[in-house]
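Everything below belongs to final_39.csv, which stores CSV, C-alpha atoms (C1' of nucleotides).
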```csv
chain,number,residue,atom,x,y,z
A,58,MET,CA,111.7,172.6,94.5
A,59,LYS,CA,115.0,170.9,93.7
A,60,ALA,CA,114.6,167.2,92.9
A,61,ASP,CA,110.9,167.6,92.1
A,62,LYS,CA,111.6,170.0,89.3
A,63,SER,CA,113.5,167.3,87.6
A,64,LEU,CA,110.6,165.1,88.4
A,65,LEU,CA,107.8,167.1,86.9
A,66,SER,CA,109.5,167.4,83.6
A,67,GLY,CA,111.6,164.5,84.5
A,68,SER,CA,108.5,162.3,84.6
A,69,THR,CA,109.0,162.0,80.9
A,70,THR,CA,112.5,160.6,81.5
A,71,LEU,CA,111.1,158.3,84.2
A,72,LEU,CA,108.5,156.9,81.8
A,73,VAL,CA,111.0,156.3,79.1
A,74,LEU,CA,113.4,154.6,81.4
A,75,SER,CA,110.5,152.5,82.7
A,76,LEU,CA,109.6,151.4,79.2
A,77,LEU,CA,113.2,150.4,78.4
A,78,SER,CA,113.5,148.4,81.6
A,79,THR,CA,111.3,145.8,80.0
A,80,GLY,CA,113.4,145.4,76.9
A,81,ASP,CA,115.2,147.2,74.1
A,82,LYS,CA,113.0,149.5,72.1
A,83,TYR,CA,113.3,152.1,69.3
A,84,GLY,CA,112.0,155.6,69.5
A,85,TYR,CA,108.9,155.4,67.4
A,86,GLU,CA,107.9,152.2,69.3
A,87,MET,CA,108.2,153.9,72.6
A,88,ILE,CA,105.9,156.7,71.5
A,89,ALA,CA,103.3,154.3,70.4
A,90,GLU,CA,103.6,152.1,73.5
A,91,LEU,CA,103.4,155.0,75.9
A,92,ASP,CA,100.4,156.3,74.1
A,93,ALA,CA,98.6,153.0,74.2
A,94,ARG,CA,99.5,152.1,77.8
A,95,SER,CA,98.4,155.5,79.1
A,96,ASP,CA,95.1,155.4,77.1
A,97,HIS,CA,96.3,158.4,75.0
A,98,THR,CA,97.3,160.5,78.0
A,99,PHE,CA,101.1,160.4,77.4
A,100,THR,CA,101.4,161.1,73.7
A,101,LEU,CA,105.0,162.1,73.5
A,102,LYS,CA,106.0,164.1,70.5
A,103,GLU,CA,109.1,163.2,68.5
A,104,GLY,CA,110.5,166.6,69.2
A,105,THR,CA,110.4,165.7,72.9
A,106,LEU,CA,111.5,162.1,72.8
A,107,TYR,CA,114.5,162.1,70.6
A,108,PRO,CA,116.4,164.8,72.4
A,109,ILE,CA,115.7,163.0,75.7
A,110,LEU,CA,117.1,159.7,74.3
A,111,HIS,CA,120.2,161.6,73.1
A,112,GLY,CA,120.6,163.1,76.5
A,113,LEU,CA,120.2,159.7,78.2
A,114,GLU,CA,122.8,158.2,76.0
A,115,ARG,CA,125.2,161.1,76.7
A,116,GLU,CA,124.7,160.4,80.4
A,117,GLY,CA,125.3,156.7,79.9
A,118,ALA,CA,121.8,155.7,81.0
A,119,VAL,CA,121.1,154.0,77.7
A,120,LYS,CA,123.1,152.7,74.8
A,121,SER,CA,121.9,152.6,71.2
A,122,TYR,CA,122.5,150.3,68.3
A,123,THR,CA,121.0,150.0,64.9
A,124,LYS,CA,119.2,146.9,63.7
A,125,GLU,CA,117.5,146.1,60.5
A,126,ALA,CA,113.8,145.1,60.8
A,127,ASP,CA,112.3,142.3,58.7
A,128,SER,CA,110.8,145.0,56.5
A,129,GLY,CA,114.3,146.1,55.6
A,130,ARG,CA,113.9,149.3,57.5
A,131,THR,CA,116.7,150.4,59.8
A,132,ARG,CA,115.8,151.2,63.4
A,133,LYS,CA,117.8,152.6,66.2
A,134,TYR,CA,117.3,150.6,69.4
A,135,TYR,CA,118.0,151.7,72.9
A,136,ARG,CA,119.1,149.5,75.7
A,137,ILE,CA,119.0,150.6,79.3
A,138,THR,CA,122.4,150.3,81.2
A,139,LYS,CA,123.1,149.5,84.8
A,140,LYS,CA,123.5,153.2,85.4
A,141,GLY,CA,120.1,153.8,83.8
A,142,LEU,CA,118.5,151.2,86.0
A,143,ARG,CA,119.9,152.9,89.0
A,144,ALA,CA,118.6,156.3,87.7
A,145,LEU,CA,115.2,154.6,87.2
A,146,GLU,CA,115.0,153.4,90.7
A,147,GLU,CA,116.0,156.8,92.0
A,148,GLN,CA,113.4,158.6,90.0
A,149,LYS,CA,110.8,156.1,90.9
A,150,LYS,CA,111.4,156.8,94.6
A,151,GLU,CA,111.2,160.5,93.9
A,152,TRP,CA,108.0,160.2,92.0
A,153,VAL,CA,106.3,158.1,94.7
A,154,ASP,CA,107.4,160.6,97.3
A,155,PHE,CA,106.3,163.5,95.2
A,156,SER,CA,102.9,162.1,94.4
A,157,GLN,CA,102.2,161.1,97.9
A,158,LYS,CA,102.9,164.6,99.1
A,159,VAL,CA,100.7,166.1,96.5
A,160,ASN,CA,97.9,163.8,97.6
A,161,ALA,CA,98.5,164.7,101.2
A,162,ILE,CA,98.1,168.4,100.4
A,163,LEU,CA,95.0,167.6,98.3
A,164,ALA,CA,93.5,165.5,101.1
A,165,GLY,CA,93.7,168.5,103.4
A,166,CYS,CA,91.7,170.8,101.1
A,167,ALA,CA,88.0,171.5,101.1
A,168,PRO,CA,85.8,168.7,99.7
A,169,ALA,CA,84.3,169.0,96.2
A,170,LEU,CA,81.5,171.4,95.8
A,171,ALA,CA,78.1,169.9,95.1
B,219,MET,CA,100.6,165.9,76.4
B,220,LYS,CA,97.9,168.6,76.4
B,221,ALA,CA,96.2,168.8,79.8
B,222,ASP,CA,99.1,167.0,81.5
B,223,LYS,CA,101.5,169.7,80.6
B,224,SER,CA,99.4,172.1,82.6
B,225,LEU,CA,99.5,169.5,85.3
B,226,LEU,CA,103.2,169.0,85.5
B,227,SER,CA,104.1,172.6,86.1
B,228,GLY,CA,100.5,173.3,86.9
B,229,SER,CA,100.8,171.2,89.9
B,230,THR,CA,101.9,174.3,91.6
B,231,THR,CA,98.7,176.1,90.8
B,232,LEU,CA,96.8,173.0,92.0
B,233,LEU,CA,98.6,173.1,95.3
B,234,VAL,CA,98.0,176.9,95.7
B,235,LEU,CA,94.3,176.6,95.0
B,236,SER,CA,94.1,173.6,97.4
B,237,LEU,CA,95.6,175.7,100.2
B,238,LEU,CA,93.3,178.5,99.6
B,239,SER,CA,90.2,176.2,99.6
B,240,THR,CA,90.7,175.9,103.4
B,241,GLY,CA,90.7,179.6,104.0
B,242,ASP,CA,92.1,183.0,103.0
B,243,LYS,CA,95.9,183.2,103.1
B,244,TYR,CA,98.7,185.6,102.2
B,245,GLY,CA,101.6,184.8,100.0
B,246,TYR,CA,104.3,184.4,102.5
B,247,GLU,CA,102.0,182.2,104.6
B,248,MET,CA,101.3,179.9,101.7
B,249,ILE,CA,105.0,179.3,101.1
B,250,ALA,CA,105.6,178.4,104.7
B,251,GLU,CA,102.5,176.2,104.9
B,252,LEU,CA,103.3,174.3,101.7
B,253,ASP,CA,106.9,173.8,102.9
B,254,ALA,CA,105.8,172.5,106.3
B,255,ARG,CA,102.9,170.3,105.0
B,256,SER,CA,105.1,168.7,102.4
B,257,ASP,CA,108.0,168.1,104.8
B,258,HIS,CA,110.1,170.6,102.8
B,259,THR,CA,109.5,169.0,99.5
B,260,PHE,CA,107.5,171.9,98.0
B,261,THR,CA,109.5,174.9,98.9
B,262,LEU,CA,108.0,177.5,96.5
B,263,LYS,CA,110.1,180.5,95.8
B,264,GLU,CA,108.6,184.0,96.0
B,265,GLY,CA,109.5,184.5,92.4
B,266,THR,CA,107.3,181.5,91.6
B,267,LEU,CA,104.4,182.1,93.8
B,268,TYR,CA,103.7,185.8,93.4
B,269,PRO,CA,103.4,185.7,89.6
B,270,ILE,CA,101.1,182.7,90.0
B,271,LEU,CA,98.8,184.5,92.4
B,272,HIS,CA,98.7,187.5,90.1
B,273,GLY,CA,97.8,185.2,87.2
B,274,LEU,CA,95.0,183.5,89.2
B,275,GLU,CA,93.6,186.9,90.1
B,276,ARG,CA,93.7,188.0,86.5
B,277,GLU,CA,91.7,184.8,85.6
B,278,GLY,CA,89.2,185.5,88.4
B,279,ALA,CA,90.1,182.3,90.4
B,280,VAL,CA,91.1,184.3,93.4
B,281,LYS,CA,90.4,187.8,94.8
B,282,SER,CA,92.9,189.8,96.9
B,283,TYR,CA,92.4,192.3,99.7
B,284,THR,CA,94.8,193.9,102.2
B,285,LYS,CA,94.5,193.5,105.9
B,286,GLU,CA,96.6,194.8,108.8
B,287,ALA,CA,98.1,192.2,111.1
B,288,ASP,CA,98.3,192.6,114.9
B,289,SER,CA,101.9,193.4,114.3
B,290,GLY,CA,100.9,196.4,112.3
B,291,ARG,CA,102.3,194.9,109.1
B,292,THR,CA,100.1,195.0,106.1
B,293,ARG,CA,99.4,191.7,104.3
B,294,LYS,CA,97.8,190.9,101.0
B,295,TYR,CA,95.3,188.1,101.5
B,296,TYR,CA,93.9,185.9,98.7
B,297,ARG,CA,90.4,184.3,98.7
B,298,ILE,CA,89.4,181.6,96.3
B,299,THR,CA,86.4,182.3,94.2
B,300,LYS,CA,83.7,180.0,92.9
B,301,LYS,CA,85.5,180.0,89.6
B,302,GLY,CA,88.7,179.1,91.5
B,303,LEU,CA,86.9,176.2,93.2
B,304,ARG,CA,85.7,174.8,89.9
B,305,ALA,CA,89.2,175.1,88.6
B,306,LEU,CA,90.5,173.3,91.6
B,307,GLU,CA,88.1,170.4,91.1
B,308,GLU,CA,89.1,170.2,87.5
B,309,GLN,CA,92.8,170.2,88.2
B,310,LYS,CA,92.4,167.6,91.0
B,311,LYS,CA,90.7,165.3,88.6
B,312,GLU,CA,93.5,165.8,86.1
B,313,TRP,CA,96.1,165.1,88.7
B,314,VAL,CA,94.5,161.9,89.9
B,315,ASP,CA,94.2,160.7,86.3
B,316,PHE,CA,97.7,161.6,85.5
B,317,SER,CA,99.3,160.1,88.6
B,318,GLN,CA,97.3,156.9,88.2
B,319,LYS,CA,98.6,156.5,84.7
B,320,VAL,CA,102.2,157.1,85.7
B,321,ASN,CA,101.8,154.5,88.3
B,322,ALA,CA,100.3,152.1,85.8
B,323,ILE,CA,103.3,152.5,83.6
B,324,LEU,CA,105.7,152.1,86.5
B,325,ALA,CA,103.9,149.0,87.6
B,326,GLY,CA,104.7,147.4,84.3
B,327,CYS,CA,108.4,148.1,84.5
B,328,ALA,CA,111.1,145.7,85.7
B,329,PRO,CA,111.3,145.2,89.5
B,330,ALA,CA,114.0,147.0,91.5
B,331,LEU,CA,117.5,145.6,91.2
B,332,ALA,CA,118.7,144.0,94.3
C,105,DT,C1',121.3,201.1,115.2
C,106,DG,C1',122.5,197.3,112.8
C,107,DA,C1',121.1,192.7,111.6
C,108,DC,C1',117.5,189.7,110.7
C,109,DA,C1',112.8,188.2,109.6
C,110,DT,C1',108.7,189.4,107.5
C,111,DA,C1',106.2,190.7,103.3
C,112,DC,C1',105.7,192.3,98.9
C,113,DC,C1',107.3,192.8,93.9
C,114,DT,C1',109.7,192.2,89.0
C,115,DA,C1',113.1,191.2,85.3
C,116,DG,C1',115.9,188.0,83.2
C,117,DA,C1',118.0,183.4,82.8
C,118,DG,C1',117.4,178.6,82.2
C,119,DC,C1',115.0,174.4,81.3
C,120,DC,C1',111.7,171.4,79.3
C,121,DC,C1',108.2,170.3,76.0
C,122,DC,C1',106.1,171.1,71.6
C,123,DG,C1',105.2,172.7,66.9
C,124,DA,C1',107.1,172.7,62.6
C,125,DG,C1',109.9,171.4,59.4
C,126,DG,C1',113.3,168.3,57.0
C,127,DT,C1',115.1,163.6,55.3
C,128,DA,C1',114.6,158.9,53.9
C,129,DT,C1',112.5,154.4,53.0
C,130,DA,C1',108.6,150.9,52.9
C,131,DT,C1',103.7,150.1,52.1
C,132,DT,C1',99.4,150.8,50.1
C,133,DA,C1',96.2,152.8,46.9
C,134,DT,C1',95.1,154.5,42.4
D,31,DA,C1',104.0,153.1,37.7
D,32,DT,C1',103.3,156.6,41.0
D,33,DA,C1',101.2,159.2,44.4
D,34,DA,C1',99.9,159.1,49.1
D,35,DT,C1',100.5,157.4,53.5
D,36,DA,C1',103.0,155.3,57.3
D,37,DT,C1',107.2,154.5,59.4
D,38,DA,C1',111.5,156.2,61.4
D,39,DC,C1',114.9,159.4,62.3
D,40,DC,C1',116.5,164.3,63.2
D,41,DT,C1',116.9,169.6,64.7
D,42,DC,C1',115.6,174.4,65.5
D,43,DG,C1',113.0,177.9,67.6
D,44,DG,C1',109.2,179.4,70.4
D,45,DG,C1',106.5,179.4,74.6
D,46,DG,C1',105.6,178.3,79.3
D,47,DC,C1',107.0,177.6,84.0
D,48,DT,C1',110.3,178.1,87.8
D,49,DC,C1',114.2,180.0,89.9
D,50,DT,C1',118.0,183.4,90.7
D,51,DA,C1',118.8,187.7,91.9
D,52,DG,C1',117.7,191.9,92.8
D,53,DG,C1',114.7,195.7,94.8
D,54,DT,C1',111.5,198.0,98.5
D,55,DA,C1',109.5,198.4,103.0
D,56,DT,C1',108.4,197.5,107.8
D,57,DG,C1',108.7,195.1,112.4
D,58,DT,C1',111.7,192.9,115.9
D,59,DC,C1',115.6,191.9,118.6
D,60,DA,C1',120.3,192.5,120.1
```
Would it be possible to restate this file's structure as structure tokens?
Amino acid sequence: MKADKSLLSGSTTLLVLSLLSTGDKYGYEMIAELDARSDHTFTLKEGTLYPILHGLEREGAVKSYTKEADSGRTRKYYRITKKGLRALEEQKKEWVDFSQKVNAILAGCAPALA
Amino acid sequence: MKADKSLLSGSTTLLVLSLLSTGDKYGYEMIAELDARSDHTFTLKEGTLYPILHGLEREGAVKSYTKEADSGRTRKYYRITKKGLRALEEQKKEWVDFSQKVNAILAGCAPALA
DNA sequence: TGACATACCTAGAGCCCCGAGGTATATTAT
DNA sequence: ATAATATACCTCGGGGCTCTAGGTATGTCA
């Protein structure tokens, strides 16, 4: 399976990088945004997201900084790096390729039963 | 993530059921066919496929029978059941929903860097 | 007859996501 | 005032899925 393996579970990473490509965000915000924009299909758990963000930072795909909100609460924002943008483009290509191939296989299967 | 979880890794099951919906096949054959029809993107390993087939049979989604090939070699064929066809339709719907939502998120992200 | 392809199988490792729990602060309700 | 809730971060361990690696057996070809 190779690259697709990292796509299947990596689809989470793909989605996170995609979100960050439109602007800096903090963890809790990403969870809410993904949930809303996917109509409650991608409801990432904190136990999933935070380790992913830490991993992305370790790889240099994102950089984090803390900022105080108006409320006084401290948040940890993530910004996507050039390396992260390149990874995003790469993973987007892989996703498109993967999904098209799944669809091709499905198209060849028997039609829906009545 | 719920249903999507079973989609991500479950895409393999979806592909297998899809193959079987067009006719009975044996394990080795499915691996070769998936590999060919996906242009070497879905190169399932035997250690992946056989446990899946056993699981599908346990669930009643497929039934197996042995048949001797012209070569004299004995093969284990799998036939999809009505229950399997229903599962296929269900998983197809989930896949379509999932992929459309991923695409929707991706469409909202920043355009490719030059 | 030895090498290779076919054809099946399983056990264990690894990876990814989630559940569950922990900490801390701001807001809201009582 | 204070209790409950929402926000916001974190980590550990379990479970599920795939692969690696190994095994067995038979047919084909050199």
Considering all atoms listed in the file, tabulate each residue of chain C that lies at most 10 Å from chain B along with its nearest interatomic pair and the corresponding distance in Å to one decimal; arrange the rows by chain and ascending residue number and present them as CSV.
```
residue,atom,partner,partner_atom,distance
C:DT110,C1',B:Tyr246,CA,8.3
C:DA111,C1',B:Tyr246,CA,6.6
C:DC112,C1',B:Lys294,CA,8.3
C:DC113,C1',B:Tyr268,CA,7.9
C:DT114,C1',B:Gly265,CA,8.4
C:DC121,C1',B:Lys223,CA,8.1
C:DC122,C1',B:Met219,CA,9.0
```
- Task: Could you list the residues in chain D lying within 8 Å of chain B, using only C-alpha atoms (C1' of nucleotides), and format the result as a list in words?
- Result: DC47, DT48, DC49, DT56 and DG57 of chain D
- Using all atoms listed in the file, which residue out of B:Ala287, B:Val234, B:Ala250, B:Leu274 lies closest to chain A?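 Under the stated criterion, the closest residue is B:Val234.
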Using all atoms listed in the file, find each residue in chain B having at least one atom no more than 7 Å away from chain A; report its shortest atom-to-atom pair and that distance in Å (one decimal), rows by chain then rising number, as a Markdown table.
```
| residue | atom | partner | partner_atom | distance |
| --- | --- | --- | --- | --- |
| B:Met219 | CA | A:Thr100 | CA | 5.6 |
| B:Leu226 | CA | A:Leu65 | CA | 5.2 |
| B:Ser227 | CA | A:Leu65 | CA | 6.7 |
| B:Leu233 | CA | A:Ile162 | CA | 7.0 |
| B:Ser236 | CA | A:Cys166 | CA | 5.2 |
| B:Leu237 | CA | A:Cys166 | CA | 6.3 |
| B:Ser239 | CA | A:Ala167 | CA | 5.4 |
| B:Thr240 | CA | A:Ala167 | CA | 5.7 |
| B:Arg255 | CA | A:Ile162 | CA | 6.9 |
| B:Ser256 | CA | A:Lys158 | CA | 5.7 |
| B:Thr259 | CA | A:Met58 | CA | 6.5 |
| B:Phe260 | CA | A:Met58 | CA | 5.5 |
| B:Thr261 | CA | A:Met58 | CA | 5.4 |
| B:Leu262 | CA | A:Met58 | CA | 6.5 |
| B:Glu307 | CA | A:Ala169 | CA | 6.5 |
| B:Lys319 | CA | A:Ser95 | CA | 5.7 |
| B:Ile323 | CA | A:Arg94 | CA | 6.9 |
| B:Leu324 | CA | A:Ser75 | CA | 6.1 |
| B:Cys327 | CA | A:Ser75 | CA | 5.2 |
| B:Ala328 | CA | A:Ser78 | CA | 5.5 |
| B:Ala330 | CA | A:Glu146 | CA | 6.5 |
```
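Taking atom CA of Gly278 of chain B as the reference point, atom CA of Thr231 of chain B is found at 13.6 Å.
For the pair atom CA of His111 of chain A and atom C1' of DA117 of chain C, the interatomic distance is 24.0 Å.
Straight-line separation from atom C1' of DC40 of chain D to atom CA of Asp127 of chain A: 22.8 Å.
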Complete segment 302-322 of chain B with N, CA and C atoms (output as a PDB file, in the coordinates of the input).
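Final file, out-v3.pdb:
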```pdb
ATOM      1  N   GLY B 302      87.430 179.693  91.010  1.00  0.00           N
ATOM      2  CA  GLY B 302      88.700 179.100  91.500  1.00  0.00           C
ATOM      3  C   GLY B 302      88.389 177.658  92.009  1.00  0.00           C
ATOM      4  N   LEU B 303      87.275 177.504  92.692  1.00  0.00           N
ATOM      5  CA  LEU B 303      86.900 176.200  93.200  1.00  0.00           C
ATOM      6  C   LEU B 303      86.621 175.205  92.123  1.00  0.00           C
ATOM      7  N   ARG B 304      85.986 175.721  91.090  1.00  0.00           N
ATOM      8  CA  ARG B 304      85.700 174.800  89.900  1.00  0.00           C
ATOM      9  C   ARG B 304      87.026 174.427  89.286  1.00  0.00           C
ATOM     10  N   ALA B 305      87.943 175.395  89.147  1.00  0.00           N
ATOM     11  CA  ALA B 305      89.200 175.100  88.600  1.00  0.00           C
ATOM     12  C   ALA B 305      89.992 174.072  89.414  1.00  0.00           C
ATOM     13  N   LEU B 306      89.866 174.215  90.718  1.00  0.00           N
ATOM     14  CA  LEU B 306      90.500 173.300  91.600  1.00  0.00           C
ATOM     15  C   LEU B 306      90.016 171.858  91.430  1.00  0.00           C
ATOM     16  N   GLU B 307      88.709 171.720  91.341  1.00  0.00           N
ATOM     17  CA  GLU B 307      88.100 170.400  91.100  1.00  0.00           C
ATOM     18  C   GLU B 307      88.599 169.792  89.820  1.00  0.00           C
ATOM     19  N   GLU B 308      88.632 170.639  88.826  1.00  0.00           N
ATOM     20  CA  GLU B 308      89.100 170.200  87.500  1.00  0.00           C
ATOM     21  C   GLU B 308      90.514 169.707  87.544  1.00  0.00           C
ATOM     22  N   GLN B 309      91.361 170.502  88.150  1.00  0.00           N
ATOM     23  CA  GLN B 309      92.800 170.200  88.200  1.00  0.00           C
ATOM     24  C   GLN B 309      93.039 168.958  89.103  1.00  0.00           C
ATOM     25  N   LYS B 310      92.220 168.802  90.121  1.00  0.00           N
ATOM     26  CA  LYS B 310      92.400 167.600  91.000  1.00  0.00           C
ATOM     27  C   LYS B 310      92.097 166.366  90.188  1.00  0.00           C
ATOM     28  N   LYS B 311      91.033 166.410  89.392  1.00  0.00           N
ATOM     29  CA  LYS B 311      90.700 165.300  88.600  1.00  0.00           C
ATOM     30  C   LYS B 311      91.846 164.929  87.605  1.00  0.00           C
ATOM     31  N   GLU B 312      92.375 165.971  87.002  1.00  0.00           N
ATOM     32  CA  GLU B 312      93.500 165.800  86.100  1.00  0.00           C
ATOM     33  C   GLU B 312      94.695 165.169  86.756  1.00  0.00           C
ATOM     34  N   TRP B 313      94.960 165.658  87.940  1.00  0.00           N
ATOM     35  CA  TRP B 313      96.100 165.100  88.700  1.00  0.00           C
ATOM     36  C   TRP B 313      95.920 163.657  89.048  1.00  0.00           C
ATOM     37  N   VAL B 314      94.746 163.310  89.506  1.00  0.00           N
ATOM     38  CA  VAL B 314      94.500 161.900  89.900  1.00  0.00           C
ATOM     39  C   VAL B 314      94.633 161.016  88.671  1.00  0.00           C
ATOM     40  N   ASP B 315      94.067 161.450  87.551  1.00  0.00           N
ATOM     41  CA  ASP B 315      94.200 160.700  86.300  1.00  0.00           C
ATOM     42  C   ASP B 315      95.632 160.519  85.901  1.00  0.00           C
ATOM     43  N   PHE B 316      96.327 161.636  85.919  1.00  0.00           N
ATOM     44  CA  PHE B 316      97.700 161.600  85.500  1.00  0.00           C
ATOM     45  C   PHE B 316      98.566 160.710  86.405  1.00  0.00           C
ATOM     46  N   SER B 317      98.435 160.869  87.717  1.00  0.00           N
ATOM     47  CA  SER B 317      99.300 160.100  88.600  1.00  0.00           C
ATOM     48  C   SER B 317      98.955 158.593  88.543  1.00  0.00           C
ATOM     49  N   GLN B 318      97.687 158.275  88.359  1.00  0.00           N
ATOM     50  CA  GLN B 318      97.300 156.900  88.200  1.00  0.00           C
ATOM     51  C   GLN B 318      97.958 156.249  86.986  1.00  0.00           C
ATOM     52  N   LYS B 319      97.993 157.049  85.933  1.00  0.00           N
ATOM     53  CA  LYS B 319      98.600 156.500  84.700  1.00  0.00           C
ATOM     54  C   LYS B 319     100.074 156.384  84.778  1.00  0.00           C
ATOM     55  N   VAL B 320     100.711 157.298  85.452  1.00  0.00           N
ATOM     56  CA  VAL B 320     102.200 157.100  85.700  1.00  0.00           C
ATOM     57  C   VAL B 320     102.397 155.877  86.467  1.00  0.00           C
ATOM     58  N   ASN B 321     101.633 155.685  87.510  1.00  0.00           N
ATOM     59  CA  ASN B 321     101.800 154.500  88.300  1.00  0.00           C
ATOM     60  C   ASN B 321     101.552 153.224  87.561  1.00  0.00           C
ATOM     61  N   ALA B 322     100.605 153.279  86.652  1.00  0.00           N
ATOM     62  CA  ALA B 322     100.300 152.100  85.800  1.00  0.00           C
ATOM     63  C   ALA B 322     101.514 151.750  84.964  1.00  0.00           C
TER      64      ALA B 322
END
```
